[in-house]
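Data from start-v3.txt: compact mmCIF, C-alpha atoms and all ligand atoms
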```txt
# COMPACT_ATOMS: atom_id res chain seq x y z
CA MET A 636 164.66 47.11 77.39
CA ASN A 637 163.81 43.78 79.01
CA ILE A 638 160.28 43.29 80.19
CA VAL A 639 159.14 40.27 82.21
CA VAL A 640 155.53 39.42 82.96
CA LEU A 641 155.64 36.97 85.87
CA ASP A 642 152.08 35.66 85.74
CA GLY A 643 150.28 36.70 82.58
CA TYR A 644 147.86 33.79 82.20
CA THR A 645 144.77 35.02 84.06
CA LEU A 646 144.94 38.43 82.36
CA ASN A 647 145.58 36.97 78.93
CA PRO A 648 144.89 33.25 78.60
CA GLY A 649 145.18 33.70 74.81
CA ASP A 650 142.26 35.94 73.87
CA LEU A 651 144.18 39.24 74.11
CA THR A 652 147.47 40.32 72.56
CA TRP A 653 150.73 41.35 74.23
CA LYS A 654 151.83 43.26 71.09
CA ASP A 655 151.49 46.76 72.60
CA LEU A 656 153.67 45.68 75.52
CA GLU A 657 156.11 44.06 73.08
CA SER A 658 156.42 47.40 71.28
CA LEU A 659 158.11 48.76 74.45
CA GLY A 660 160.89 46.17 74.60
CA ARG A 661 161.92 42.54 74.62
CA CYS A 662 159.11 40.84 76.39
CA THR A 663 159.04 37.47 78.19
CA VAL A 664 155.66 36.35 79.46
CA TYR A 665 155.36 33.55 82.01
CA ASP A 666 151.93 32.08 82.66
CA ARG A 667 152.65 31.60 86.36
CA THR A 668 155.65 32.14 88.65
CA ALA A 669 156.08 30.81 92.17
CA PRO A 670 157.41 33.48 94.58
CA GLU A 671 160.74 31.65 94.91
CA GLU A 672 161.18 31.63 91.10
CA ALA A 673 160.59 35.39 90.69
CA ALA A 674 164.17 36.57 91.37
CA LEU A 675 165.66 34.19 88.78
CA ARG A 676 163.08 34.87 86.09
CA ALA A 677 163.23 38.67 86.48
CA LYS A 678 166.99 38.99 86.96
CA ASP A 679 167.64 40.66 83.58
CA ALA A 680 164.45 42.70 83.46
CA GLU A 681 164.25 46.47 83.85
CA ILE A 682 160.46 46.31 83.81
CA VAL A 683 158.67 43.66 85.88
CA LEU A 684 154.92 43.13 85.71
CA THR A 685 153.06 40.98 88.20
CA ASN A 686 149.46 40.18 88.93
CA LYS A 687 149.53 37.89 91.98
CA THR A 688 153.18 36.76 92.17
CA VAL A 689 154.54 38.16 95.42
CA LEU A 690 157.51 40.55 95.17
CA SER A 691 158.86 40.62 98.71
CA SER A 692 161.58 42.91 100.01
CA ASP A 693 163.96 39.98 99.73
CA THR A 694 163.11 39.36 96.05
CA ILE A 695 163.27 43.08 95.22
CA LYS A 696 166.78 43.26 96.71
CA GLN A 697 167.88 40.41 94.42
CA LEU A 698 166.92 42.40 91.29
CA PRO A 699 169.50 45.21 90.86
CA LYS A 700 168.57 45.75 87.20
CA MET A 701 164.88 46.28 87.94
CA LYS A 702 163.73 49.89 87.54
CA TYR A 703 159.96 49.59 87.55
CA ILE A 704 157.22 47.31 88.92
CA GLY A 705 153.80 47.35 87.30
CA VAL A 706 150.98 45.54 89.10
CA LEU A 707 148.41 44.06 86.72
CA ALA A 708 145.56 44.69 89.16
CA THR A 709 144.10 47.35 91.42
CA GLY A 710 145.25 45.79 94.72
CA TYR A 711 149.03 45.89 95.15
CA ASN A 712 149.48 44.22 98.55
CA ILE A 713 151.58 41.48 96.84
CA VAL A 714 154.44 43.96 96.33
CA ASP A 715 156.51 45.32 99.22
CA ILE A 716 156.03 48.91 98.05
CA GLU A 717 158.17 50.39 100.85
CA ALA A 718 161.11 48.17 99.91
CA ALA A 719 160.69 49.35 96.29
CA ARG A 720 160.42 52.98 97.43
CA ASP A 721 163.61 52.70 99.50
CA ILE A 722 165.57 51.97 96.33
CA GLY A 723 163.69 54.44 94.12
CA ILE A 724 161.58 51.98 92.14
CA PRO A 725 158.09 53.17 91.27
CA VAL A 726 155.27 50.68 91.70
CA THR A 727 152.13 51.32 89.66
CA ASN A 728 148.67 49.77 89.65
CA VAL A 729 145.55 49.89 87.47
CA PRO A 730 143.11 51.86 89.61
CA THR A 731 139.84 51.21 87.76
CA TYR A 732 139.01 48.94 84.91
CA GLY A 733 136.20 46.71 86.03
CA THR A 734 133.52 48.73 87.80
CA GLN A 735 130.75 47.75 85.38
CA SER A 736 131.88 44.12 85.18
CA VAL A 737 131.98 43.68 88.96
CA THR A 738 128.60 45.37 89.29
CA GLN A 739 127.20 43.03 86.67
CA ILE A 740 128.19 39.92 88.62
CA VAL A 741 126.59 41.32 91.78
CA PHE A 742 123.32 41.10 89.87
CA ALA A 743 124.21 37.78 88.24
CA HIS A 744 124.46 36.38 91.79
CA LEU A 745 121.39 38.22 93.04
CA LEU A 746 119.23 37.11 90.10
CA ASN A 747 120.50 33.57 90.57
CA LEU A 748 119.41 33.65 94.22
CA ALA A 749 116.06 35.18 93.27
CA GLN A 750 115.09 32.77 90.48
CA HIS A 751 117.76 30.06 90.08
CA VAL A 752 117.64 30.25 86.29
CA ALA A 753 120.52 27.80 85.73
CA HIS A 754 119.02 25.23 88.13
CA HIS A 755 115.58 25.36 86.52
CA ALA A 756 117.03 25.28 83.00
CA GLN A 757 119.03 22.19 84.00
CA THR A 758 115.88 20.40 85.25
CA VAL A 759 114.21 21.14 81.88
CA ARG A 760 117.25 19.82 80.00
CA SER A 761 117.16 16.65 82.06
CA GLY A 762 113.58 16.01 80.97
CA ARG A 763 111.52 17.01 83.99
CA TRP A 764 109.24 19.52 82.25
CA THR A 765 108.16 17.10 79.54
CA SER A 766 106.80 14.71 82.16
CA ASN A 767 105.40 17.37 84.51
CA PRO A 768 101.66 17.18 85.31
CA ASP A 769 101.32 21.01 85.33
CA PHE A 770 102.33 23.64 82.81
CA CYS A 771 104.99 24.93 85.21
CA TYR A 772 106.95 24.00 88.33
CA TRP A 773 109.66 25.49 90.49
CA ASP A 774 112.00 24.13 93.13
CA THR A 775 112.95 27.27 95.05
CA PRO A 776 111.10 30.31 96.31
CA LEU A 777 110.90 32.79 93.40
CA ILE A 778 111.57 36.32 94.56
CA GLU A 779 110.73 39.70 93.03
CA LEU A 780 113.47 42.25 93.66
CA ALA A 781 111.27 45.35 93.25
CA GLY A 782 110.40 46.76 96.65
CA LEU A 783 113.23 44.93 98.48
CA THR A 784 116.04 46.84 100.16
CA MET A 785 119.67 46.51 99.18
CA GLY A 786 122.20 47.48 101.86
CA ILE A 787 125.55 48.41 100.40
CA ILE A 788 128.68 48.41 102.56
CA GLY A 789 131.34 50.58 100.90
CA PHE A 790 129.80 53.28 98.73
CA GLY A 791 132.67 53.90 96.31
CA ARG A 792 132.79 53.29 92.57
CA ILE A 793 131.38 49.76 92.55
CA GLY A 794 129.00 50.33 95.46
CA ARG A 795 127.47 53.33 93.67
CA ALA A 796 127.21 51.48 90.37
CA ALA A 797 125.47 48.60 92.18
CA ALA A 798 123.08 51.13 93.76
CA LYS A 799 122.17 52.45 90.32
CA LEU A 800 121.29 48.96 89.09
CA ALA A 801 119.35 48.18 92.29
CA LEU A 802 117.30 51.34 91.77
CA ALA A 803 116.65 50.30 88.17
CA PHE A 804 115.20 47.04 89.54
CA GLY A 805 112.86 49.07 91.78
CA MET A 806 114.80 48.27 94.96
CA ASN A 807 115.37 50.67 97.85
CA VAL A 808 119.03 51.41 98.58
CA ILE A 809 120.68 52.11 101.91
CA PHE A 810 124.44 52.31 102.33
CA TYR A 811 127.19 52.50 104.90
CA ASP A 812 130.62 54.03 104.25
CA ILE A 813 133.25 55.34 106.65
CA ALA A 814 133.86 58.33 104.40
CA LYS A 815 131.28 61.10 104.15
CA PRO A 816 129.81 60.74 100.66
CA SER A 817 130.84 63.51 98.27
CA SER A 818 127.39 63.37 96.72
CA MET A 819 124.23 61.48 97.54
CA PRO A 820 122.63 59.80 94.52
CA GLU A 821 118.87 60.26 94.47
CA GLY A 822 117.07 57.33 96.09
CA CYS A 823 120.01 56.23 98.28
CA GLN A 824 119.95 56.72 102.05
CA PRO A 825 122.92 56.47 104.44
CA ALA A 826 122.44 54.13 107.39
CA GLY A 827 124.38 52.83 110.39
CA LEU A 828 125.96 49.42 110.09
CA ASP A 829 123.47 47.77 112.49
CA ASP A 830 120.56 49.15 110.48
CA ILE A 831 122.11 47.84 107.28
CA PHE A 832 122.12 44.36 108.84
CA ARG A 833 118.60 44.64 110.32
CA ILE A 834 116.76 46.29 107.41
CA SER A 835 118.35 44.90 104.25
CA ASP A 836 116.91 42.07 102.18
CA VAL A 837 120.19 41.92 100.28
CA ILE A 838 123.59 42.99 101.59
CA SER A 839 126.32 43.63 99.05
CA LEU A 840 129.94 44.19 100.14
CA HIS A 841 131.99 46.81 98.29
CA CYS A 842 134.52 48.04 100.85
CA PRO A 843 138.24 47.23 100.56
CA LEU A 844 139.91 44.67 102.81
CA THR A 845 141.53 46.53 105.72
CA SER A 846 142.11 45.73 109.39
CA ASP A 847 138.74 47.44 110.06
CA THR A 848 136.78 45.47 107.48
CA LYS A 849 138.27 41.98 108.05
CA LYS A 850 135.35 39.73 109.13
CA ILE A 851 132.95 42.67 108.93
CA ILE A 852 130.46 39.84 108.28
CA ASN A 853 130.62 37.81 111.48
CA ARG A 854 128.39 35.71 113.73
CA GLU A 855 127.02 38.76 115.53
CA CYS A 856 125.92 40.68 112.45
CA LEU A 857 124.61 37.54 110.74
CA GLY A 858 122.44 37.23 113.86
CA LEU A 859 120.94 40.65 113.13
CA MET A 860 120.03 39.86 109.53
CA LYS A 861 116.59 38.85 108.27
CA LYS A 862 116.13 35.11 107.85
CA THR A 863 115.11 35.85 104.25
CA ALA A 864 118.19 37.98 103.51
CA PHE A 865 120.90 37.28 100.97
CA LEU A 866 124.58 38.19 101.22
CA ILE A 867 126.60 39.05 98.12
CA ASN A 868 130.39 39.36 98.34
CA THR A 869 132.30 40.37 95.22
CA SER A 870 134.90 42.38 97.13
CA ARG A 871 137.41 40.31 99.12
CA GLY A 872 136.99 36.95 100.85
CA PRO A 873 138.38 37.86 104.28
CA LEU A 874 135.57 40.40 104.75
CA VAL A 875 133.53 37.35 105.76
CA ASP A 876 133.96 34.97 108.72
CA GLU A 877 133.47 31.92 106.52
CA GLN A 878 132.70 29.46 109.32
CA ALA A 879 130.05 31.81 110.73
CA LEU A 880 128.50 32.35 107.29
CA ALA A 881 128.41 28.59 106.56
CA GLU A 882 126.65 28.00 109.89
CA ALA A 883 124.18 30.85 109.24
CA LEU A 884 123.33 29.33 105.84
CA ASN A 885 123.11 25.75 107.09
CA ASN A 886 120.96 26.77 110.10
CA GLU A 887 118.69 28.89 107.89
CA ARG A 888 119.70 32.00 109.86
CA ILE A 889 119.94 33.74 106.46
CA ALA A 890 118.51 32.60 103.13
CA GLY A 891 121.46 32.45 100.75
CA ALA A 892 124.79 33.81 99.58
CA GLY A 893 126.43 34.69 96.28
CA LEU A 894 130.22 34.90 96.53
CA ASP A 895 132.89 35.66 93.94
CA VAL A 896 135.76 35.71 96.44
CA LEU A 897 136.96 33.52 99.30
CA SER A 898 139.53 34.03 102.04
CA GLU A 899 141.94 31.64 100.32
CA GLU A 900 142.05 31.38 96.51
CA PRO A 901 141.96 28.74 95.25
CA PRO A 902 140.11 27.50 98.35
CA GLY A 903 141.11 24.45 100.35
CA GLU A 904 138.83 21.43 100.10
CA ASN A 905 137.69 22.01 103.67
CA ASN A 906 136.36 25.51 103.13
CA PRO A 907 132.97 25.28 104.88
CA LEU A 908 131.27 27.44 102.26
CA LEU A 909 131.91 25.02 99.39
CA LYS A 910 129.02 22.83 100.54
CA ALA A 911 126.93 25.29 102.53
CA ARG A 912 123.18 25.46 101.85
CA ASN A 913 122.14 27.85 99.06
CA CYS A 914 125.69 29.17 98.75
CA HIS A 915 126.71 29.95 95.17
CA ILE A 916 130.38 30.58 94.54
CA THR A 917 132.09 31.79 91.37
CA PRO A 918 135.90 31.51 91.06
CA HIS A 919 136.87 35.21 91.32
CA ILE A 920 135.64 36.08 87.84
CA ALA A 921 134.00 39.46 88.42
CA TRP A 922 137.04 41.30 87.02
CA ALA A 923 137.62 38.96 84.10
CA THR A 924 135.19 39.95 81.35
CA ILE A 925 137.09 40.44 78.12
CA ALA A 926 136.20 44.16 78.12
CA ALA A 927 137.62 44.66 81.62
CA ARG A 928 140.79 42.66 80.90
CA LYS A 929 141.39 44.62 77.68
CA ARG A 930 141.06 47.86 79.65
CA LEU A 931 143.41 46.56 82.35
CA LEU A 932 146.09 45.57 79.83
CA ARG A 933 145.73 48.93 78.02
CA VAL A 934 146.32 50.87 81.26
CA ALA A 935 149.19 48.58 82.34
CA VAL A 936 150.95 49.23 79.00
CA ASP A 937 150.25 52.98 79.28
CA ASN A 938 151.70 52.92 82.82
CA ALA A 939 154.93 51.33 81.59
CA ALA A 940 155.12 53.67 78.56
CA SER A 941 154.59 56.71 80.81
CA PHE A 942 157.39 55.53 83.07
CA LEU A 943 159.70 55.15 80.08
CA ALA A 944 158.74 58.67 78.97
CA GLY A 945 159.83 59.97 82.39
CA LYS A 946 156.31 60.74 83.63
CA PRO A 947 155.18 57.74 85.66
CA GLN A 948 151.41 57.52 86.21
CA ASN A 949 149.29 55.55 88.68
CA VAL A 950 152.24 55.32 91.08
CA VAL A 951 151.24 53.85 94.46
CA ASN A 952 154.47 54.25 96.43
CA GLY A 953 155.26 57.91 95.83
CA VAL A 954 158.31 57.35 93.58
CA GLN A 955 157.82 59.87 90.78
CA THR A 956 161.28 60.99 89.96
CA LYS A 957 163.04 58.00 88.49
CA ASP A 958 164.46 59.29 85.24
CA PHE A 959 164.86 56.36 82.93
CA ARG A 960 165.18 58.02 79.54
P1 LIG B 1 136.48 52.35 95.92
O1 LIG B 1 137.77 52.71 96.55
O2 LIG B 1 135.93 53.22 94.83
O3 LIG B 1 135.35 52.21 97.06
C1 LIG B 1 135.55 51.60 98.30
C2 LIG B 1 134.67 52.32 99.31
O4 LIG B 1 134.75 51.61 100.55
C3 LIG B 1 135.12 53.77 99.59
O5 LIG B 1 134.01 54.65 99.46
C4 LIG B 1 135.61 53.70 101.04
O6 LIG B 1 135.38 54.93 101.76
C5 LIG B 1 134.77 52.58 101.59
N1 LIG B 1 135.32 52.01 102.82
C6 LIG B 1 136.61 51.89 103.21
N2 LIG B 1 136.68 51.35 104.46
C7 LIG B 1 135.40 51.12 104.84
C8 LIG B 1 134.82 50.60 106.02
N3 LIG B 1 135.58 50.23 107.08
N4 LIG B 1 133.48 50.51 106.09
C9 LIG B 1 132.70 50.95 105.06
N5 LIG B 1 133.19 51.46 103.92
C10 LIG B 1 134.53 51.54 103.82
O7 LIG B 1 136.67 50.84 95.41
P2 LIG B 1 135.83 50.12 94.26
O8 LIG B 1 136.46 50.35 92.94
O9 LIG B 1 134.39 50.40 94.46
O10 LIG B 1 136.15 48.58 94.65
C11 LIG B 1 135.61 48.01 95.83
C12 LIG B 1 136.24 46.65 96.09
O11 LIG B 1 135.89 45.75 95.05
C13 LIG B 1 137.78 46.66 96.03
O12 LIG B 1 138.32 47.02 97.29
C14 LIG B 1 138.11 45.25 95.69
O13 LIG B 1 138.32 44.53 96.89
C15 LIG B 1 136.85 44.71 95.04
N6 LIG B 1 137.06 44.25 93.63
C16 LIG B 1 136.78 42.96 93.34
C17 LIG B 1 136.95 42.49 92.05
C18 LIG B 1 136.64 41.06 91.68
O14 LIG B 1 137.10 40.57 90.64
N7 LIG B 1 135.87 40.32 92.47
C19 LIG B 1 137.41 43.37 91.04
C20 LIG B 1 137.66 44.71 91.37
C21 LIG B 1 137.48 45.15 92.68
```
Show the structure stored in the file as structure tokens.
Amino acid sequence: MNIVVLDGYTLNPGDLTWKDLESLGRCTVYDRTAPEEAALRAKDAEIVLTNKTVLSSDTIKQLPKMKYIGVLATGYNIVDIEAARDIGIPVTNVPTYGTQSVTQIVFAHLLNLAQHVAHHAQTVRSGRWTSNPDFCYWDTPLIELAGLTMGIIGFGRIGRAAAKLALAFGMNVIFYDIAKPSSMPEGCQPAGLDDIFRISDVISLHCPLTSDTKKIINRECLGLMKKTAFLINTSRGPLVDEQALAEALNNERIAGAGLDVLSEEPPGENNPLLKARNCHITPHIAWATIAARKRLLRVAVDNAASFLAGKPQNVVNGVQTKDFR
């Protein structure tokens, strides 16, 4: 059994082990693979794992030995799943592994916006406190979260977990979701999208990227938001009209933003958010705690093992029947 991992570096830059995957077959792990290199590198593999390397219809057709594609992520838009289905190849994903980690960074960003701990610690390190005339100083407004309202767009796994933490901070929670919620956690109120924009002190995005949600944060809704409001986006970059958000930040239309994702990753130098006022960007790290990556790798190996045992799990393109024993 030949197994090829096309782009293993971000999942395992060296702090995890591939040994469980290696127990399933002869394993070749590439750190990164350009789309045009994929067909050559995977040509002898029955099992192909990819995180962000695109497997287009064209590439899939060039891999007659391939029997299985495992995506090392939740989102699988990088694989042409219909092309794989047409030739009976199951494509699997890892549906949940990072809910708590993503939720944690929502609050890392929110607490940063509220009290700028790293900034103030840096001023102390650079000597400012020792020469300060008063016993304390601060450079930014310091904000108490208790009593503020968090508006959550997309009330699924991560949105609900974020709501729980917001409630623990004494915040009020309102949410908007296109689906009728199966249950309503105590303390959370549904609201229309316009009300989310008008009422919230903090808006946190937790819906998937779809044609409906692309640029769900745009000039018009930024115009409805409180001037003191913060926007947190840990979901997907294209949910936000980046030019409109940069202008809203620079014109003090809203107070600040915490972003873990951008429309293009890595971003181009001209991305207007890179230098926008009070805009704090992390390089798509919400998913990458060691606990979440361990869980992801565990499920990816289980997915491949289940396929080899003739019972594929977490299949996203409906191909269940490939018998590969
Ligand atoms: P989920 O499927 O459990 O929840 C998504 C929710 O969004 C669902 O309740 C769905 O009904 C709702 N939704 C769909 N379309 C909507 C719309 N038009 N308007 C409002 N709500 C809508 O997903 P999850 O596990 O909570 O993950 C949420 C998102 O987090 C993912 O889509 C992904 O983009 C992102 N994510 C980011 C990272 C990271 O590293 N930054 C890691 C994991 C997930």
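Atom CA of Asn949 of chain A sits 20.5 Å away from atom CA of Ala680 of chain A.
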#### Entry: Contacts of ligand LIG 1 (chain B), 7 Å or closer, only C-alpha atoms and all ligand atoms, given as a ChimeraX atom specification
/A:709,731,733-734,737,788-794,811-814,841-845,847-848,869-871,895-896,919-923
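Taking all atoms listed in the file into account, Gly891 of chain A lies nearest to A:Ile916 out of the set A:Ala940, A:Ile916, A:Leu840, A:Leu859.
In this structure, atom CA of Thr917 of chain A sits 10.4 Å away from atom CA of Asn868 of chain A.
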### Query
Of the candidates A:Tyr703, A:Tyr665, A:Trp764, A:Phe942, which shows the shortest atom-to-atom distance to Thr645 of chain A, using only C-alpha atoms?
A:Tyr665
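Atom to atom, atom CA of Thr688 of chain A and atom CA of Leu909 of chain A stand 25.3 Å apart.
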### Task
Using all atoms listed in the file, determine which residues lie at most 8 Å from Ala826 of chain A, disregarding the query and same-chain residues fewer than 2 positions distant; provide the list as a VMD selection string.
chain A and resid 809 to 811 824 828 830 to 831
## Note on the structure
For Leu748 of chain A, the closest of A:Ile713, A:Val683, A:Ile851, A:Ile867 counting all atoms listed in the file is A:Ile867
Taking all atoms of segment 786-789 of chain A that the file lists, what box with edges along x, y and z, padded by 5 Å per side, do you get, with centre and edge lengths in Å to one decimal, as lines of an AutoDock Vina configuration file?
```
center_x = 126.8
center_y = 49.0
center_z = 101.5
size_x = 19.1
size_y = 13.1
size_z = 12.2
```
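Residue nearest Thr924 of chain A, chosen from A:Thr663, A:Thr668, A:Gln739, A:Asn728 and counting only C-alpha atoms: A:Gln739.
The nearest approach to Ala939 of chain A among the residues A:Asp679, A:Pro670, A:Lys702, A:Leu646, with all atoms listed in the file taken into account, belongs to A:Lys702.
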### Near-Ile834 of chain A list (9 Å; all atoms listed in the file; drop same-chain fewer than 6 positions) as a ChimeraX atom specification
/A:784-786,809,860-861
